[in-house]
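Engineer: Structure provided below as structure tokens; questions to follow.
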Amino acid sequence: SLQSDATVRLAGNRFDSTFLAPLSLCSVGQDSVGYFDLSNQPKYCPSERAALADFFNEAKGLEWTESTTQAPDLATNQLLASLVDPAPLLYRTVSWLDDYDSHCLWKGVTCEDGRTIKIELRANGLSGRLSSSIGMLKDLRVLDISDNDIKDTIPSEIGLLEQLEFLKLSFNQFQREVPPDIENLRKLKLFQAHGNRITGTVTLFAGLEPDEFEESSYVTDCGSPSFFGNDPGPVNCTSCTMCCNEFEECYPANKNSFLEWKDYEDFGWILLA
């Protein structure tokens with residue numbers, strides 16, 4: 001491994017068009033006194049890969065249920081294709097934070113033209129906290145980290161994700177108030193933050209209209225009785241379409257009483273859509 005004060009110079013070399021500098025090298029000089037001359041060149045050290053590395057570390061990625069996936073072994077398959085016809089398609093294991101792999105190959109990450117558009121890690125043993133680096137993923141449309149054990153507050157940087165359409169934070173341990181920056185998310189079709197320890201007021205963009213998910217579009221713990229009792233009481237969310245209470249009983253926000261279902265599981269097919 002490199003010393004923390006190492007100097008690495010690779011500029012001027014002719015790299016393959018798919019070349020990525022090792023993730024560990026890209027961080028040299030950022031968290032140490034060392035220097036890597038390609039660290040500020042997104043072509044070789046993508047900022048999104050660094051942001052996702054922060055996301056992994058702060059959500060205790062080493063403890064996740066699954067952090068690997070299978071991807072085609074391009075080099076081996078290319079070689080086999082030149083030797084055998086038809087050639088078998090071989091796969092290799094890709095892990096989060098692999099030094100030489102694109103973040104687009106990491107489990108739960110979907111990219112479009114090299115930009116991260118989806119993070120889908122529902123029920124995968126995430127804990128720790130949600131990194132503020134999430135705000136660097138400017139093209140993110142889907143963030144589903146529901147049914148995990150993430151604690152602390154929702155970072156205000158979530159409001160930088162102006163392309164976000166689906167935000168599922170339900171059934172974690174998020175605490176305190178939702179940052180007012182969430183009002184910047186003008187494209188939200190689904191916002192589910194119930195089953196947490198959130199208090200205060202949730203203010204969504206006033207122009208949002210329930211779409212394909214109808215009553216389950218915008219859900220918080222705005223129902224009674226609240227986990228916190230009367231002080232501070234349920235979440236205040238005038239934009240929400242559905243409210244849940246401390247017993248995981250949920251009902252449309254414009255109703256004064258529960259509908260026939262009494263349990264989240266009764267309409268889980270809607271909330272998990």
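Chain labels follow the order of the structure tokens: the first chain is A, the next B, and so on; residue numbering restarts at 1 in every chain, and ligands are counted from 1 in their shown order.
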What are the DSSP helix (DSSP H, G or I) residues of stretch 28-243 of chain A, as a ChimeraX atom specification?

Structural biologist: /A:47-58,61-63,74-83,103-105,132-136,156-160,180-184,214-216

Engineer: May I have all residues of stretch 126-191 of chain A that DSSP, computed from the backbone, assigns to strand (DSSP E), given as a list of chain:residue names?

Structural biologist: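 For stretch 126-191 of chain A, the strand (DSSP E) set is A:Val142, A:Leu143, A:Asp144, A:Phe166, A:Leu167, A:Lys168, A:Gln175, A:Arg176, A:Glu177, A:Leu190, A:Phe191.
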
Engineer: With N, CA and C atoms retained, write the just-selected residues as a PDB file, in the first residue's frame.

Structural biologist:
```pdb
ATOM      1  N   VAL A 142     -33.691   7.497  -8.569  1.00  0.00           N
ATOM      2  CA  VAL A 142     -34.270   6.539  -7.625  1.00  0.00           C
ATOM      3  C   VAL A 142     -33.293   6.319  -6.480  1.00  0.00           C
ATOM      4  N   LEU A 143     -33.765   6.516  -5.254  1.00  0.00           N
ATOM      5  CA  LEU A 143     -32.987   6.169  -4.061  1.00  0.00           C
ATOM      6  C   LEU A 143     -33.890   5.339  -3.165  1.00  0.00           C
ATOM      7  N   ASP A 144     -33.610   4.045  -3.103  1.00  0.00           N
ATOM      8  CA  ASP A 144     -34.391   3.128  -2.269  1.00  0.00           C
ATOM      9  C   ASP A 144     -33.461   2.452  -1.273  1.00  0.00           C
ATOM     10  N   PHE A 166     -38.095   8.992  -7.105  1.00  0.00           N
ATOM     11  CA  PHE A 166     -38.520   7.974  -6.141  1.00  0.00           C
ATOM     12  C   PHE A 166     -37.560   7.990  -4.955  1.00  0.00           C
ATOM     13  N   LEU A 167     -38.070   8.344  -3.784  1.00  0.00           N
ATOM     14  CA  LEU A 167     -37.258   8.424  -2.568  1.00  0.00           C
ATOM     15  C   LEU A 167     -37.916   7.576  -1.493  1.00  0.00           C
ATOM     16  N   LYS A 168     -37.289   6.440  -1.202  1.00  0.00           N
ATOM     17  CA  LYS A 168     -37.844   5.498  -0.228  1.00  0.00           C
ATOM     18  C   LYS A 168     -36.875   5.349   0.943  1.00  0.00           C
ATOM     19  N   GLN A 175     -33.795  10.129  12.424  1.00  0.00           N
ATOM     20  CA  GLN A 175     -34.241  10.884  13.596  1.00  0.00           C
ATOM     21  C   GLN A 175     -34.410  12.368  13.281  1.00  0.00           C
ATOM     22  N   ARG A 176     -35.063  13.033  14.182  1.00  0.00           N
ATOM     23  CA  ARG A 176     -35.269  14.475  14.141  1.00  0.00           C
ATOM     24  C   ARG A 176     -36.002  14.906  12.874  1.00  0.00           C
ATOM     25  N   GLU A 177     -35.814  16.151  12.448  1.00  0.00           N
ATOM     26  CA  GLU A 177     -36.648  16.686  11.374  1.00  0.00           C
ATOM     27  C   GLU A 177     -36.079  16.398   9.982  1.00  0.00           C
ATOM     28  N   LEU A 190     -42.763   9.603  -5.695  1.00  0.00           N
ATOM     29  CA  LEU A 190     -42.924   8.712  -4.536  1.00  0.00           C
ATOM     30  C   LEU A 190     -41.979   9.180  -3.433  1.00  0.00           C
ATOM     31  N   PHE A 191     -42.533   9.445  -2.265  1.00  0.00           N
ATOM     32  CA  PHE A 191     -41.745   9.807  -1.087  1.00  0.00           C
ATOM     33  C   PHE A 191     -42.312   9.038   0.091  1.00  0.00           C
TER      34      PHE A 191
END
```

Engineer: Name the closest residue to A:Ser216 among the candidates A:Gly135, A:Gly159, A:Glu183, A:Cys244; distances are taken between atoms, counting only C-alpha atoms.

Structural biologist: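 The closest residue to A:Ser216 is A:Cys244.
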
Engineer: What lies within 10 Å of A:Asp147 using only C-alpha atoms, ignoring chain neighbours under 4 positions off, as a list of chain:residue names?

Structural biologist: A:Leu121, A:Arg122, A:Ala123, A:Asn124, A:Gly125, A:Leu126, A:Lys168, A:Leu169, A:Ser170, A:Phe171, A:Asn172, A:Gln173, A:Gly195

Engineer: Need the shell around A:Ser95: protein/DNA/RNA residues with any atom at most 8 Å away, counting only C-alpha atoms. Skip same-chain ones fewer than 2 positions apart. Format as an MDAnalysis selection string?

Structural biologist: chainID A and resid 67:69 93 97:98 106:107

Engineer: Take the residues just selected and output them with C-alpha atoms as a CSV table (one decimal), in the first residue's frame.

Structural biologist:
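Now in part_26.csv:
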```csv
chain,number,residue,atom,x,y,z
A,67,SER,CA,-22.2,-6.1,-1.4
A,68,THR,CA,-21.1,-8.1,-4.5
A,69,THR,CA,-22.6,-8.9,-7.8
A,93,THR,CA,-17.5,-11.1,-8.9
A,97,LEU,CA,-14.9,-0.3,-3.6
A,98,ASP,CA,-13.0,-2.6,-6.0
A,106,TRP,CA,-21.4,-2.1,-8.0
A,107,LYS,CA,-24.4,-3.9,-6.5
```

Engineer: I'd like to know which of A:Ala71, A:Met136, A:Ile150, A:Ile119 is closest to A:Glu58, using only C-alpha atoms.

Structural biologist: A:Ile150

Engineer: Quick one: everything within 8 Å of A:Ile182, counting only C-alpha atoms, minus sequence neighbours fewer than 4 positions away in the same chain. Send it as a PyMOL selection string.

Structural biologist: chain A and resi 156+158-159+178+203-205

Engineer: By how many Å are atom CA of A:Lys187 and atom CA of A:Phe56 apart?

Structural biologist: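 Result for atom CA of A:Lys187 versus atom CA of A:Phe56: 25.8 Å, one decimal.
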
Engineer: To one decimal in Å, tell me the separation between atom CA of A:Leu185 and atom CA of A:Asn245.

Structural biologist: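 Pair atom CA of A:Leu185 / atom CA of A:Asn245 returns 24.9 Å.
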
Engineer: Have a look at A:Asn40, A:Asn196, A:Ser127, A:Ser24 and name the one nearest to A:Lys60; count only C-alpha atoms.

Structural biologist: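 With only C-alpha atoms as the atom set, the closest residue is A:Ser127.
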
Engineer: So how many Å separate atom CA of A:Arg129 and atom CA of A:Gly108, to one decimal?

Structural biologist: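 Here the two named atoms are 17.5 Å from each other.
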